[in-house]
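Next up, start35.cif (mmCIF, C-alpha atoms and all ligand atoms):
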```cif
data_coords
#
loop_
_atom_site.label_atom_id
_atom_site.label_comp_id
_atom_site.auth_asym_id
_atom_site.auth_seq_id
_atom_site.Cartn_x
_atom_site.Cartn_y
_atom_site.Cartn_z
CA MET M 20 9.54 24.20 -11.16
CA ASP M 21 9.79 24.04 -7.37
CA PHE M 22 11.25 21.02 -5.59
CA SER M 23 10.49 22.19 -2.04
CA PHE M 24 7.62 21.22 0.23
CA SER M 25 5.33 23.95 1.56
CA GLU M 26 5.63 24.99 5.16
CA ASP M 27 2.40 23.10 6.02
CA GLU M 28 3.74 19.95 4.40
CA LEU M 29 6.98 20.22 6.37
CA ILE M 30 5.13 20.78 9.66
CA PHE M 31 2.88 17.77 8.95
CA ARG M 32 5.89 15.59 8.09
CA ASP M 33 7.88 16.60 11.16
CA ASN M 34 4.95 16.13 13.55
CA LEU M 35 4.16 12.75 12.05
CA ARG M 36 7.83 11.71 12.17
CA SER M 37 8.15 12.53 15.85
CA PHE M 38 4.83 10.81 16.69
CA LEU M 39 5.91 7.68 14.82
CA SER M 40 9.41 7.58 16.29
CA ARG M 41 7.76 7.64 19.73
CA GLU M 42 4.77 5.39 19.10
CA LEU M 43 5.65 3.09 16.20
CA ARG M 44 9.39 2.48 15.88
CA PRO M 45 9.70 0.97 19.40
CA ILE M 46 7.04 -1.66 18.65
CA VAL M 47 8.02 -2.81 15.16
CA SER M 48 9.37 -6.19 16.28
CA LYS M 49 6.18 -6.79 18.23
CA ILE M 50 4.12 -5.78 15.18
CA ASP M 51 6.08 -8.21 13.02
CA LYS M 52 5.26 -11.02 15.45
CA GLU M 53 1.80 -10.16 16.74
CA GLY M 54 0.20 -7.72 14.33
CA ILE M 55 -0.55 -3.99 14.40
CA PRO M 56 -2.18 -3.15 17.74
CA HIS M 57 -5.59 -1.60 17.27
CA GLU M 58 -4.73 0.89 20.06
CA PHE M 59 -1.95 2.27 17.87
CA VAL M 60 -4.39 2.69 14.96
CA LYS M 61 -6.82 4.53 17.23
CA LYS M 62 -4.09 6.74 18.66
CA ALA M 63 -2.76 7.60 15.19
CA SER M 64 -6.23 8.65 14.09
CA SER M 65 -5.76 11.82 16.17
CA LEU M 66 -3.28 12.90 13.48
CA GLY M 67 -5.93 12.41 10.81
CA ILE M 68 -3.83 10.00 8.76
CA TRP M 69 -6.29 7.21 7.94
CA ALA M 70 -7.89 7.67 4.52
CA MET M 71 -6.65 11.24 4.77
CA THR M 72 -7.52 12.21 1.18
CA THR M 73 -11.24 11.57 1.81
CA SER M 74 -13.64 14.47 2.28
CA GLN M 75 -14.02 16.24 5.58
CA ASP M 76 -17.76 15.47 5.78
CA VAL M 77 -16.87 11.78 6.27
CA GLY M 78 -14.03 12.38 8.72
CA GLY M 79 -11.18 12.72 6.20
CA GLN M 80 -8.83 15.65 5.79
CA GLY M 81 -9.38 16.30 2.09
CA ALA M 82 -5.59 16.06 2.00
CA SER M 83 -3.57 16.15 -1.18
CA PHE M 84 -2.07 12.96 -2.63
CA LEU M 85 1.34 14.50 -2.10
CA LEU M 86 0.68 14.83 1.63
CA SER M 87 -0.60 11.28 1.69
CA THR M 88 2.59 10.14 -0.07
CA ILE M 89 4.66 11.95 2.54
CA ALA M 90 2.68 10.12 5.25
CA SER M 91 3.26 6.76 3.56
CA GLU M 92 7.01 7.42 3.51
CA GLU M 93 7.04 8.44 7.15
CA ILE M 94 5.06 5.42 8.32
CA ALA M 95 7.41 3.02 6.54
CA ARG M 96 10.44 4.95 7.82
CA ALA M 97 9.25 3.98 11.31
CA ASP M 98 7.94 0.47 10.52
CA PHE M 99 10.18 -0.72 7.71
CA SER M 100 8.52 -4.14 7.64
CA MET M 101 5.96 -1.96 5.80
CA ALA M 102 3.00 -3.63 7.54
CA THR M 103 1.72 -0.35 8.99
CA ALA M 104 2.27 1.39 5.66
CA VAL M 105 0.19 -1.33 3.98
CA LEU M 106 -2.66 -0.57 6.38
CA PHE M 107 -2.23 3.13 5.63
CA LEU M 108 -2.21 2.78 1.86
CA LEU M 109 -5.16 0.39 1.77
CA GLU M 110 -7.32 2.75 3.83
CA SER M 111 -6.14 5.62 1.72
CA GLY M 112 -6.48 4.06 -1.75
CA TRP M 113 -9.80 2.35 -1.15
CA GLY M 114 -11.17 5.09 1.07
CA TYR M 115 -10.52 7.42 -1.86
CA VAL M 116 -12.45 5.11 -4.21
CA LEU M 117 -15.39 4.77 -1.84
CA ASP M 118 -15.46 8.52 -1.27
CA LYS M 119 -15.32 9.25 -4.99
CA TYR M 120 -17.77 6.67 -6.32
CA GLY M 121 -19.82 5.40 -3.35
CA SER M 122 -23.36 6.52 -2.53
CA LYS M 123 -23.93 9.11 0.21
CA ASN M 124 -25.23 6.40 2.58
CA LEU M 125 -22.32 4.05 1.97
CA ARG M 126 -19.76 6.84 2.38
CA GLU M 127 -21.40 8.11 5.56
CA ASP M 128 -21.74 4.63 7.02
CA ILE M 129 -18.19 3.42 6.44
CA LEU M 130 -15.70 6.24 6.00
CA PRO M 131 -16.14 7.97 9.39
CA ARG M 132 -15.30 4.65 11.07
CA VAL M 133 -12.27 4.10 8.84
CA THR M 134 -10.90 7.61 9.35
CA ALA M 135 -11.44 7.24 13.11
CA GLY M 136 -9.23 4.13 13.07
CA ASP M 137 -12.10 1.87 14.12
CA TRP M 138 -12.71 -0.12 10.94
CA PHE M 139 -10.55 -1.69 8.27
CA LEU M 140 -11.16 -1.11 4.56
CA GLY M 141 -9.34 -3.03 1.84
CA ILE M 142 -9.59 -4.42 -1.67
CA ALA M 143 -10.54 -7.95 -2.74
CA SER M 144 -9.66 -8.45 -6.38
CA THR M 145 -7.17 -11.35 -6.69
CA GLU M 146 -8.54 -14.88 -7.15
CA PRO M 147 -6.97 -18.34 -7.13
CA SER M 148 -7.03 -18.29 -10.95
CA GLY M 149 -4.72 -15.24 -10.93
CA GLY M 150 -4.35 -11.63 -9.91
CA SER M 151 -2.81 -9.85 -12.89
CA ASP M 152 -5.75 -10.42 -15.23
CA VAL M 153 -8.35 -8.51 -13.21
CA ALA M 154 -10.85 -8.72 -16.09
CA GLY M 155 -10.68 -12.53 -15.86
CA ILE M 156 -12.12 -12.81 -12.33
CA ARG M 157 -14.70 -15.54 -11.69
CA THR M 158 -16.49 -14.42 -8.53
CA THR M 159 -20.10 -13.65 -9.43
CA ALA M 160 -22.79 -11.39 -7.97
CA LYS M 161 -26.39 -12.13 -8.94
CA LYS M 162 -29.20 -9.73 -8.22
CA GLU M 163 -32.00 -11.37 -6.16
CA GLY M 164 -34.69 -8.93 -5.04
CA THR M 165 -33.02 -6.17 -3.05
CA LYS M 166 -29.81 -8.15 -2.57
CA PHE M 167 -26.78 -9.32 -4.51
CA VAL M 168 -25.73 -12.90 -3.89
CA LEU M 169 -21.99 -13.46 -4.18
CA GLY M 170 -20.24 -16.75 -4.96
CA GLY M 171 -16.53 -17.37 -5.42
CA GLN M 172 -13.20 -16.90 -3.74
CA LYS M 173 -10.55 -14.21 -3.29
CA ILE M 174 -6.99 -14.96 -2.24
CA TYR M 175 -3.91 -13.14 -0.88
CA ILE M 176 -6.20 -10.42 0.40
CA SER M 177 -4.65 -8.04 2.93
CA GLY M 178 -6.46 -7.28 6.15
CA VAL M 179 -8.85 -10.24 6.33
CA LEU M 180 -8.36 -10.68 10.09
CA GLU M 181 -8.26 -6.94 10.84
CA ALA M 182 -11.64 -6.58 9.07
CA LEU M 183 -13.00 -9.55 11.02
CA HIS M 184 -11.77 -8.39 14.43
CA TRP M 185 -11.91 -4.59 14.18
CA GLY M 186 -14.92 -4.40 11.86
CA GLY M 187 -15.08 -3.29 8.24
CA GLY M 188 -14.57 -5.18 5.02
CA HIS M 189 -13.31 -5.09 1.46
CA LEU M 190 -14.29 -3.41 -1.78
CA THR M 191 -14.87 -6.59 -3.71
CA LEU M 192 -14.87 -7.12 -7.46
CA ALA M 193 -17.44 -9.53 -8.88
CA LYS M 194 -18.86 -10.35 -12.29
CA THR M 195 -22.36 -8.94 -12.84
CA ASN M 196 -22.38 -9.61 -16.57
CA LEU M 197 -20.84 -12.95 -17.52
CA GLU M 198 -20.76 -12.13 -21.21
CA ALA M 199 -18.56 -9.05 -20.84
CA LYS M 200 -14.95 -8.99 -19.61
CA HIS M 201 -13.85 -5.84 -17.77
CA ARG M 202 -17.13 -4.12 -18.64
CA GLY M 203 -19.04 -6.80 -16.73
CA ILE M 204 -17.40 -6.25 -13.34
CA SER M 205 -18.98 -4.40 -10.42
CA MET M 206 -17.58 -3.31 -7.07
CA PHE M 207 -19.33 -4.07 -3.78
CA TYR M 208 -18.55 -3.15 -0.23
CA VAL M 209 -18.62 -6.51 1.53
CA PRO M 210 -18.51 -6.42 5.34
CA THR M 211 -16.45 -9.37 6.55
CA SER M 212 -19.13 -10.15 9.13
CA SER M 213 -21.75 -10.79 6.39
CA PRO M 214 -23.48 -14.19 6.40
CA GLY M 215 -21.88 -16.46 3.79
CA VAL M 216 -18.47 -14.74 4.05
CA GLU M 217 -15.60 -16.73 5.55
CA VAL M 218 -11.96 -15.77 5.93
CA SER M 219 -8.81 -17.74 6.62
CA LYS M 220 -5.21 -16.66 7.04
CA ILE M 221 -2.22 -17.33 4.77
CA GLU M 222 1.24 -17.14 6.38
CA ASN M 223 3.43 -14.75 4.42
CA MET M 224 7.21 -14.38 4.61
CA GLY M 225 7.02 -10.66 5.37
CA ARG M 226 5.04 -7.61 6.50
CA ALA M 227 3.51 -10.02 8.95
CA GLY M 228 1.94 -7.27 11.04
CA ILE M 229 -1.03 -7.18 8.73
CA SER M 230 -2.88 -10.37 7.88
CA SER M 231 -3.29 -11.80 4.42
CA GLY M 232 -5.71 -14.51 3.44
CA ILE M 233 -8.61 -16.07 1.62
CA ILE M 234 -12.19 -14.79 1.48
CA THR M 235 -14.81 -17.32 0.45
CA PHE M 236 -18.29 -16.23 -0.58
CA SER M 237 -20.91 -18.98 -0.33
CA ASN M 238 -24.27 -17.48 -1.20
CA ALA M 239 -23.14 -14.33 0.58
CA GLN M 240 -26.05 -11.88 0.62
CA ILE M 241 -25.11 -8.24 0.28
CA PRO M 242 -27.71 -5.43 0.32
CA GLU M 243 -28.06 -3.75 -3.07
CA GLU M 244 -27.04 -0.45 -1.40
CA ASN M 245 -23.53 -1.93 -1.06
CA LEU M 246 -22.94 -1.65 -4.79
CA VAL M 247 -20.26 1.02 -5.20
CA GLY M 248 -21.16 3.49 -7.96
CA GLU M 249 -22.73 2.07 -11.09
CA LEU M 250 -23.27 -1.53 -12.13
CA ASN M 251 -20.49 -2.91 -14.38
CA LYS M 252 -18.13 0.00 -13.68
CA GLY M 253 -16.14 -1.70 -10.92
CA PHE M 254 -13.09 -2.42 -13.07
CA TYR M 255 -12.58 1.29 -13.74
CA TYR M 256 -12.99 2.19 -10.06
CA ALA M 257 -10.45 -0.49 -9.17
CA MET M 258 -7.90 0.86 -11.66
CA ASP M 259 -8.34 4.33 -10.17
CA GLY M 260 -7.72 2.89 -6.69
CA PHE M 261 -4.69 0.89 -7.83
CA ASN M 262 -3.09 4.01 -9.31
CA HIS M 263 -3.55 5.80 -6.01
CA ALA M 264 -2.31 2.83 -3.97
CA ARG M 265 0.73 2.31 -6.22
CA VAL M 266 2.02 5.82 -5.56
CA LEU M 267 1.68 5.15 -1.83
CA VAL M 268 3.35 1.74 -2.18
CA ALA M 269 6.28 3.49 -3.80
CA GLY M 270 6.25 6.06 -0.97
CA ALA M 271 6.36 3.23 1.58
CA CYS M 272 9.26 1.53 -0.20
CA ILE M 273 11.14 4.83 -0.34
CA GLY M 274 10.53 5.60 3.35
CA ALA M 275 11.63 2.12 4.43
CA ALA M 276 14.68 2.25 2.15
CA GLU M 277 15.69 5.67 3.44
CA ALA M 278 15.50 4.55 7.07
CA ILE M 279 17.44 1.38 6.32
CA LEU M 280 20.10 3.25 4.36
CA GLU M 281 20.53 5.66 7.29
CA ILE M 282 21.00 2.70 9.62
CA GLY M 283 23.51 1.20 7.17
CA LEU M 284 25.48 4.44 6.83
CA GLU M 285 25.73 4.79 10.62
CA TYR M 286 26.94 1.20 10.79
CA ILE M 287 29.69 1.55 8.20
CA LYS M 288 30.89 4.74 9.88
CA GLN M 289 31.49 2.78 13.10
CA ARG M 290 32.43 -0.74 12.03
CA GLU M 291 36.14 -1.49 11.68
CA VAL M 292 37.49 -4.39 9.68
CA PHE M 293 41.24 -4.83 8.98
CA SER M 294 41.74 -1.73 11.20
CA THR M 295 39.74 0.35 8.69
CA LYS M 296 36.24 1.76 8.94
CA LEU M 297 33.95 0.10 6.41
CA LYS M 298 33.06 3.51 4.97
CA ASP M 299 36.71 3.99 4.04
CA PHE M 300 36.68 1.06 1.67
CA GLU M 301 35.89 2.53 -1.71
CA ALA M 302 33.92 -0.59 -2.70
CA ILE M 303 31.46 0.19 0.08
CA ALA M 304 31.49 4.01 -0.16
CA PHE M 305 30.80 3.85 -3.91
CA GLU M 306 28.00 1.37 -3.38
CA ALA M 307 26.49 3.74 -0.80
CA ALA M 308 26.76 6.60 -3.31
CA GLU M 309 24.95 4.57 -5.98
CA LEU M 310 22.21 3.51 -3.58
CA LYS M 311 21.62 7.08 -2.44
CA THR M 312 21.39 8.17 -6.09
CA LYS M 313 18.88 5.44 -6.94
CA LEU M 314 16.83 6.37 -3.89
CA GLU M 315 16.73 10.02 -4.95
CA MET M 316 15.67 8.99 -8.47
CA ALA M 317 12.84 6.84 -7.12
CA LYS M 318 11.75 9.65 -4.80
CA LEU M 319 11.62 12.29 -7.52
CA LEU M 320 9.67 9.98 -9.79
CA ASN M 321 7.22 9.25 -7.03
CA TYR M 322 6.70 12.88 -6.09
CA LYS M 323 5.96 13.59 -9.72
CA ALA M 324 3.38 10.76 -9.76
CA ALA M 325 1.78 12.16 -6.58
CA TRP M 326 1.82 15.65 -8.05
CA MET M 327 0.07 14.36 -11.17
CA MET M 328 -2.42 12.45 -9.04
CA ASP M 329 -3.38 15.78 -7.46
CA ARG M 330 -3.87 17.39 -10.84
CA SER M 331 -5.17 14.70 -13.16
CA PRO M 332 -5.98 11.49 -11.25
CA ASN M 333 -7.60 9.67 -14.15
CA SER M 334 -5.21 10.50 -16.96
CA ASP M 335 -3.15 7.87 -18.80
CA GLU M 336 -0.01 9.79 -17.92
CA THR M 337 -0.79 9.54 -14.20
CA ALA M 338 -1.42 5.80 -14.54
CA MET M 339 1.93 5.47 -16.31
CA LEU M 340 3.78 7.47 -13.65
CA ALA M 341 2.13 5.44 -10.88
CA ALA M 342 3.22 2.24 -12.65
CA MET M 343 6.76 3.61 -13.11
CA SER M 344 6.92 4.43 -9.40
CA LYS M 345 5.63 1.00 -8.42
CA LEU M 346 8.15 -0.58 -10.80
CA THR M 347 11.09 1.40 -9.45
CA ALA M 348 10.71 1.96 -5.70
CA PRO M 349 10.34 -1.69 -4.59
CA GLN M 350 13.47 -2.62 -6.57
CA VAL M 351 15.43 0.23 -4.99
CA ALA M 352 14.15 -0.71 -1.52
CA PHE M 353 15.11 -4.33 -2.08
CA GLU M 354 18.57 -3.42 -3.32
CA ILE M 355 19.25 -1.01 -0.46
CA THR M 356 18.06 -3.49 2.14
CA LYS M 357 20.14 -6.28 0.65
CA SER M 358 23.28 -4.11 0.57
CA VAL M 359 22.80 -2.84 4.13
CA MET M 360 22.32 -6.40 5.36
CA MET M 361 25.58 -7.34 3.63
CA TRP M 362 27.45 -4.36 5.10
CA MET M 363 26.31 -5.59 8.50
CA GLY M 364 27.53 -9.13 7.89
CA ALA M 365 25.99 -11.76 10.15
CA TYR M 366 24.37 -9.07 12.28
CA GLY M 367 22.35 -7.94 9.23
CA TYR M 368 20.99 -11.46 8.80
CA SER M 369 19.86 -11.56 12.44
CA LYS M 370 16.48 -10.30 13.59
CA ASP M 371 18.30 -8.06 16.12
CA ALA M 372 19.30 -5.69 13.33
CA LEU M 373 15.62 -5.31 12.26
CA VAL M 374 16.77 -4.59 8.71
CA GLU M 375 15.72 -8.03 7.44
CA MET M 376 12.11 -6.94 7.99
CA GLY M 377 12.52 -4.44 5.15
CA PHE M 378 13.93 -7.16 2.92
CA ARG M 379 10.85 -9.32 3.49
CA GLY M 380 8.53 -6.34 3.12
CA ALA M 381 10.02 -5.09 -0.16
CA MET M 382 9.77 -8.61 -1.58
CA SER M 383 5.96 -8.47 -1.27
CA TYR M 384 5.95 -5.64 -3.81
CA LEU M 385 8.32 -7.43 -6.12
CA VAL M 386 6.15 -10.53 -6.28
CA GLY M 387 2.86 -8.78 -6.77
CA ALA M 388 1.13 -6.76 -4.06
CA GLU M 389 -0.69 -3.85 -5.79
CA GLY M 390 0.26 -5.33 -9.16
CA ALA M 391 3.12 -7.52 -10.39
CA MET M 392 6.23 -5.93 -11.91
CA ASN M 393 5.52 -7.15 -15.43
CA VAL M 394 2.03 -5.68 -15.18
CA MET M 395 3.63 -2.30 -14.42
CA LYS M 396 5.76 -2.77 -17.56
CA LEU M 397 2.61 -3.68 -19.49
CA ILE M 398 0.94 -0.40 -18.43
CA ILE M 399 4.02 1.65 -19.32
CA SER M 400 4.65 -0.06 -22.66
CA LYS M 401 0.99 0.29 -23.71
CA ARG M 402 1.35 4.04 -23.25
CA LEU M 403 4.59 4.03 -25.26
CA PHE M 404 2.90 2.48 -28.26
CA GLN M 405 -0.47 4.26 -28.07
C1 LIG H 1 1.59 -9.55 0.45
C2 LIG H 1 0.52 -9.47 -0.60
C3 LIG H 1 -0.66 -8.80 -0.32
C4 LIG H 1 -1.67 -8.73 -1.28
N1 LIG H 1 -2.83 -8.08 -0.97
C5 LIG H 1 -3.85 -8.08 -1.88
C6 LIG H 1 -5.11 -7.46 -1.56
O1 LIG H 1 -5.28 -6.87 -0.49
N2 LIG H 1 -6.09 -7.53 -2.47
C7 LIG H 1 -5.95 -8.15 -3.66
O2 LIG H 1 -6.89 -8.18 -4.43
N3 LIG H 1 -4.78 -8.75 -3.99
C8 LIG H 1 -3.73 -8.74 -3.13
N4 LIG H 1 -2.55 -9.34 -3.44
C9 LIG H 1 -2.43 -10.07 -4.68
C10 LIG H 1 -1.74 -9.28 -5.78
O3 LIG H 1 -2.59 -8.29 -6.28
C11 LIG H 1 -1.31 -10.29 -6.83
O4 LIG H 1 -0.23 -11.04 -6.30
C12 LIG H 1 -0.92 -9.68 -8.15
O5 LIG H 1 -1.99 -9.03 -8.76
C13 LIG H 1 -0.35 -10.74 -9.10
O6 LIG H 1 -1.25 -11.80 -9.21
P1 LIG H 1 -0.77 -13.31 -8.94
O7 LIG H 1 -0.02 -13.34 -7.66
O8 LIG H 1 -1.94 -14.19 -9.09
O9 LIG H 1 0.28 -13.59 -10.09
P2 LIG H 1 -0.05 -13.91 -11.62
O10 LIG H 1 -1.09 -12.98 -12.13
O11 LIG H 1 -0.29 -15.37 -11.75
O12 LIG H 1 1.34 -13.54 -12.29
C14 LIG H 1 2.48 -14.40 -12.09
C15 LIG H 1 3.68 -13.82 -12.79
O13 LIG H 1 3.40 -13.60 -14.15
C16 LIG H 1 3.78 -12.28 -14.52
N5 LIG H 1 2.85 -11.79 -15.55
C17 LIG H 1 1.52 -11.57 -15.42
N6 LIG H 1 1.01 -11.10 -16.58
C18 LIG H 1 2.04 -11.01 -17.44
C19 LIG H 1 2.18 -10.58 -18.81
N7 LIG H 1 1.12 -10.13 -19.48
N8 LIG H 1 3.41 -10.61 -19.37
C20 LIG H 1 4.47 -11.07 -18.70
N9 LIG H 1 4.42 -11.48 -17.41
C21 LIG H 1 3.23 -11.46 -16.80
C22 LIG H 1 3.69 -11.46 -13.27
O14 LIG H 1 4.59 -10.35 -13.31
C23 LIG H 1 4.10 -12.46 -12.21
O15 LIG H 1 5.51 -12.44 -12.10
C24 LIG H 1 -1.49 -9.36 -2.53
C25 LIG H 1 -0.29 -10.00 -2.82
C26 LIG H 1 0.72 -10.05 -1.88
C27 LIG H 1 2.02 -10.73 -2.22
#
```

Go ahead and render the structure in this file as C-alpha cells.
Amino acid sequence: MDFSFSEDELIFRDNLRSFLSRELRPIVSKIDKEGIPHEFVKKASSLGIWAMTTSQDVGGQGASFLLSTIASEEIARADFSMATAVLFLLESGWGYVLDKYGSKNLREDILPRVTAGDWFLGIASTEPSGGSDVAGIRTTAKKEGTKFVLGGQKIYISGVLEALHWGGGHLTLAKTNLEAKHRGISMFYVPTSSPGVEVSKIENMGRAGISSGIITFSNAQIPEENLVGELNKGFYYAMDGFNHARVLVAGACIGAAEAILEIGLEYIKQREVFSTKLKDFEAIAFEAAELKTKLEMAKLLNYKAAWMMDRSPNSDETAMLAAMSKLTAPQVAFEITKSVMMWMGAYGYSKDALVEMGFRGAMSYLVGAEGAMNVMKLIISKRLFQ
C-alpha cells in the first residue's frame, strides 16, 4: 500500500493550486453574486481540466479519476461556494459518460467544445415528481422518422443558463418504453437551443455561481443521432456517471472543507477572548482536532473510491465506495464550516468572512445534488445484504 501521490500528480496539483489562487480565489464573491465568468472557464481550459478524463482524440487528457479528484478538491479549495467545482464535476462526470457510450459523431461534435471550455455539458434526470427514483421518470421520447420527440419536464437541473448562453446542453433521461421501468429509459444529448426546449431559473440558497432550473420539453425534436449509446440503456449510463460525479462531489466537499478549516485555524490562532487565544481553549482545540480527523477520514475514503474508479469503474464495490464518499464528505464539510463560522462569531455569519458560502454549498449536497443522503445509504445497505 502506498499513500503518496506520484511526482506528476504533485506537479499537477501544485500548478493548479497556484493558478486557482491567482485566478479564482480573488473572484469568488463575484462568482457567488454574478455567476462563473466564461472568460475564467476559457482560461482554465489551458490547464486541460474540463472533462479531463475524456480521451485525447476529443480534446481530453485521458486523465485518471484520481487526478480528476485532486482537481475537484483544488477547485473547491479556491471557490468554496463549490459553484466552480460543480461545473468541473458535471463536465467531468457527463463528459466521461458521453466519451464512453456516445457515438463517434456525437463525441467528436460535443466533447472538443466542452474540453475547450466553450460549451456546457450537464445531466437532466430529476423531475417534479421526484429525483431519487430515477426509474420513475415521466419524460417521454417517441421515435418519429429520423427524430425523437421529447415531452415532459426536468427540475433542479444545474447549468441551464450556462448551456443556453455558452452553448451545449444536457444528457437527458427519457422513457422510450413505457411498459418497462429502468430498462425503458434512454439517454439523449439535448442541446438547450433545440426547438421545443425552454429553460427557466430557480433561485437556490447556495453555490449561486452556477445556475439551476427547469427544462421543459414541448414536442422537442432531437435528431436520432443524439441518442447516447443503445436504446433503453440510459439508466445504466446514468448510474455510471453518478458514481463518477459522486467521487468528485466528495472531492469538492473535502477541498472546500480543508480551505475553510485552514482559515478557521488561522483565526483561532490570532483571536483573543478573555485575554486568551481561542486556540488555547481546550473546547476549541479539541473540536479542531476532531474536525481534522474527520476530514482525513473522508479524504482517505474518497481517494480509495477514486482509486477503485480507475481500476473497476462499473463494479458494485466502486458504486458502494462512491456512495460512502458522497455520504461522508458533505457532512464533514458542513460540520467544519459550521464550526469555523462559530469560532469566528458574528464575523463568521457575515459575508465578509466568505466562509458562509461553504455552508450554503455543502447544504446542496446534503439535500440532494448528485443523490440524496438516504439514497447513498440505500446503495450501501443493498450491497451489505446482497
Ligand atoms: C443544487 C442542486 C443541483 C442539482 N442539480 C441537478 C442536475 O444537474 N441534474 C439533475 O438531474 N438533478 C439535479 N438535482 C436534483 C437532485 O438530483 C435531487 O435533489 C435528488 O436526486 C433528490 O431528489 P428530490 O430532490 O426530488 O428528493 P426526493 O427524491 O423527493 O427525496 C426527498 C427525501 O426523501 C429521501 N428518500 C428518498 N428515497 C428514500 C428511501 N428509499 N428511503 C428513505 N428516504 C428516502 C431523500 O433522502 C430526501 O431526503 C440538483 C439538486 C440540487 C439541490

With 7 Å as the cut-off and all atoms listed in the file counted, what is the closest atom pair between each nearby residue of chain M and ligand LIG 1 (chain H)? Distances in Å to one decimal, ordered by chain and number, as a tab-separated table.
```
residue	atom	partner	partner_atom	distance
M:Gly141	CA	H:LIG1	O1	6.1
M:Ile142	CA	H:LIG1	N2	4.7
M:Ala143	CA	H:LIG1	O2	4.0
M:Ser144	CA	H:LIG1	O2	3.4
M:Thr145	CA	H:LIG1	O2	3.9
M:Glu146	CA	H:LIG1	O8	6.9
M:Pro147	CA	H:LIG1	O8	6.8
M:Ser148	CA	H:LIG1	O8	6.8
M:Gly149	CA	H:LIG1	O8	3.5
M:Gly150	CA	H:LIG1	O6	3.2
M:Ser151	CA	H:LIG1	O10	3.7
M:Asp152	CA	H:LIG1	O10	6.2
M:Ile174	CA	H:LIG1	N3	6.8
M:Tyr175	CA	H:LIG1	N4	4.8
M:Ile176	CA	H:LIG1	C6	3.7
M:Ser177	CA	H:LIG1	O1	3.7
M:Gly178	CA	H:LIG1	O1	6.8
M:Asn223	CA	H:LIG1	C1	6.8
M:Ser231	CA	H:LIG1	C3	6.2
M:Ser383	CA	H:LIG1	C27	4.6
M:Tyr384	CA	H:LIG1	C27	6.6
M:Val386	CA	H:LIG1	C27	5.8
M:Gly387	CA	H:LIG1	O4	3.9
M:Ala388	CA	H:LIG1	C25	3.7
M:Glu389	CA	H:LIG1	O3	4.9
M:Gly390	CA	H:LIG1	O5	4.3
M:Ala391	CA	H:LIG1	O14	4.3
M:Met392	CA	H:LIG1	O14	4.9
M:Asn393	CA	H:LIG1	O14	3.9
M:Val394	CA	H:LIG1	O14	5.6
M:Leu397	CA	H:LIG1	N7	6.6
```

What would the file look like if the residues just selected were written as an mmCIF file, in the frame of the given file with C-alpha atoms?
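This is the output file part_6.cif:
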```cif
data_model
loop_
_atom_site.group_PDB
_atom_site.id
_atom_site.type_symbol
_atom_site.label_atom_id
_atom_site.label_comp_id
_atom_site.auth_asym_id
_atom_site.auth_seq_id
_atom_site.Cartn_x
_atom_site.Cartn_y
_atom_site.Cartn_z
ATOM 1 C CA GLY M 141 -9.340 -3.030 1.840
ATOM 2 C CA ILE M 142 -9.590 -4.420 -1.670
ATOM 3 C CA ALA M 143 -10.540 -7.950 -2.740
ATOM 4 C CA SER M 144 -9.660 -8.450 -6.380
ATOM 5 C CA THR M 145 -7.170 -11.350 -6.690
ATOM 6 C CA GLU M 146 -8.540 -14.880 -7.150
ATOM 7 C CA PRO M 147 -6.970 -18.340 -7.130
ATOM 8 C CA SER M 148 -7.030 -18.290 -10.950
ATOM 9 C CA GLY M 149 -4.720 -15.240 -10.930
ATOM 10 C CA GLY M 150 -4.350 -11.630 -9.910
ATOM 11 C CA SER M 151 -2.810 -9.850 -12.890
ATOM 12 C CA ASP M 152 -5.750 -10.420 -15.230
ATOM 13 C CA ILE M 174 -6.990 -14.960 -2.240
ATOM 14 C CA TYR M 175 -3.910 -13.140 -0.880
ATOM 15 C CA ILE M 176 -6.200 -10.420 0.400
ATOM 16 C CA SER M 177 -4.650 -8.040 2.930
ATOM 17 C CA GLY M 178 -6.460 -7.280 6.150
ATOM 18 C CA ASN M 223 3.430 -14.750 4.420
ATOM 19 C CA SER M 231 -3.290 -11.800 4.420
ATOM 20 C CA SER M 383 5.960 -8.470 -1.270
ATOM 21 C CA TYR M 384 5.950 -5.640 -3.810
ATOM 22 C CA VAL M 386 6.150 -10.530 -6.280
ATOM 23 C CA GLY M 387 2.860 -8.780 -6.770
ATOM 24 C CA ALA M 388 1.130 -6.760 -4.060
ATOM 25 C CA GLU M 389 -0.690 -3.850 -5.790
ATOM 26 C CA GLY M 390 0.260 -5.330 -9.160
ATOM 27 C CA ALA M 391 3.120 -7.520 -10.390
ATOM 28 C CA MET M 392 6.230 -5.930 -11.910
ATOM 29 C CA ASN M 393 5.520 -7.150 -15.430
ATOM 30 C CA VAL M 394 2.030 -5.680 -15.180
ATOM 31 C CA LEU M 397 2.610 -3.680 -19.490
#
```

Task: Interatomic distance (Å, one decimal) between atom CA of Ser212 of chain M and atom CA of Thr73 of chain M - done: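 Computing the Euclidean distance for atom CA of Ser212 of chain M and atom CA of Thr73 of chain M yields 24.2 Å.
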
Task: For segment 260-274 of chain M: contacts at 6 Å, all atoms listed in the file, fewer than 4 positions along chain excluded, given as a PyMOL selection string - done: chain M and resi 88+91-93+95-96+108+112-113+116+338+341+344-345+348-349+352

Find the nearest atom pair between each residue of segment 112-161 of chain M and segment 194-197 of chain M for residues within 8 Å, count all atoms listed in the file, give distances in Å to one decimal, sort rows by chain and ascending number, and present the table as JSON lines.
```
{"residue": "M:Ile156", "atom": "CA", "partner": "M:Lys194", "partner_atom": "CA", "distance": 7.2}
{"residue": "M:Arg157", "atom": "CA", "partner": "M:Lys194", "partner_atom": "CA", "distance": 6.7}
{"residue": "M:Thr158", "atom": "CA", "partner": "M:Lys194", "partner_atom": "CA", "distance": 6.0}
{"residue": "M:Thr159", "atom": "CA", "partner": "M:Lys194", "partner_atom": "CA", "distance": 4.5}
{"residue": "M:Ala160", "atom": "CA", "partner": "M:Thr195", "partner_atom": "CA", "distance": 5.5}
{"residue": "M:Lys161", "atom": "CA", "partner": "M:Thr195", "partner_atom": "CA", "distance": 6.5}
```

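Note that atom CA of Asp335 of chain M and atom CA of Gln405 of chain M are 10.3 Å apart.
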
Task: Residue among M:Leu310, M:Leu85, M:Leu29, M:Ala102 lying closest to Lys323 of chain M, counting only C-alpha atoms - done: M:Leu85
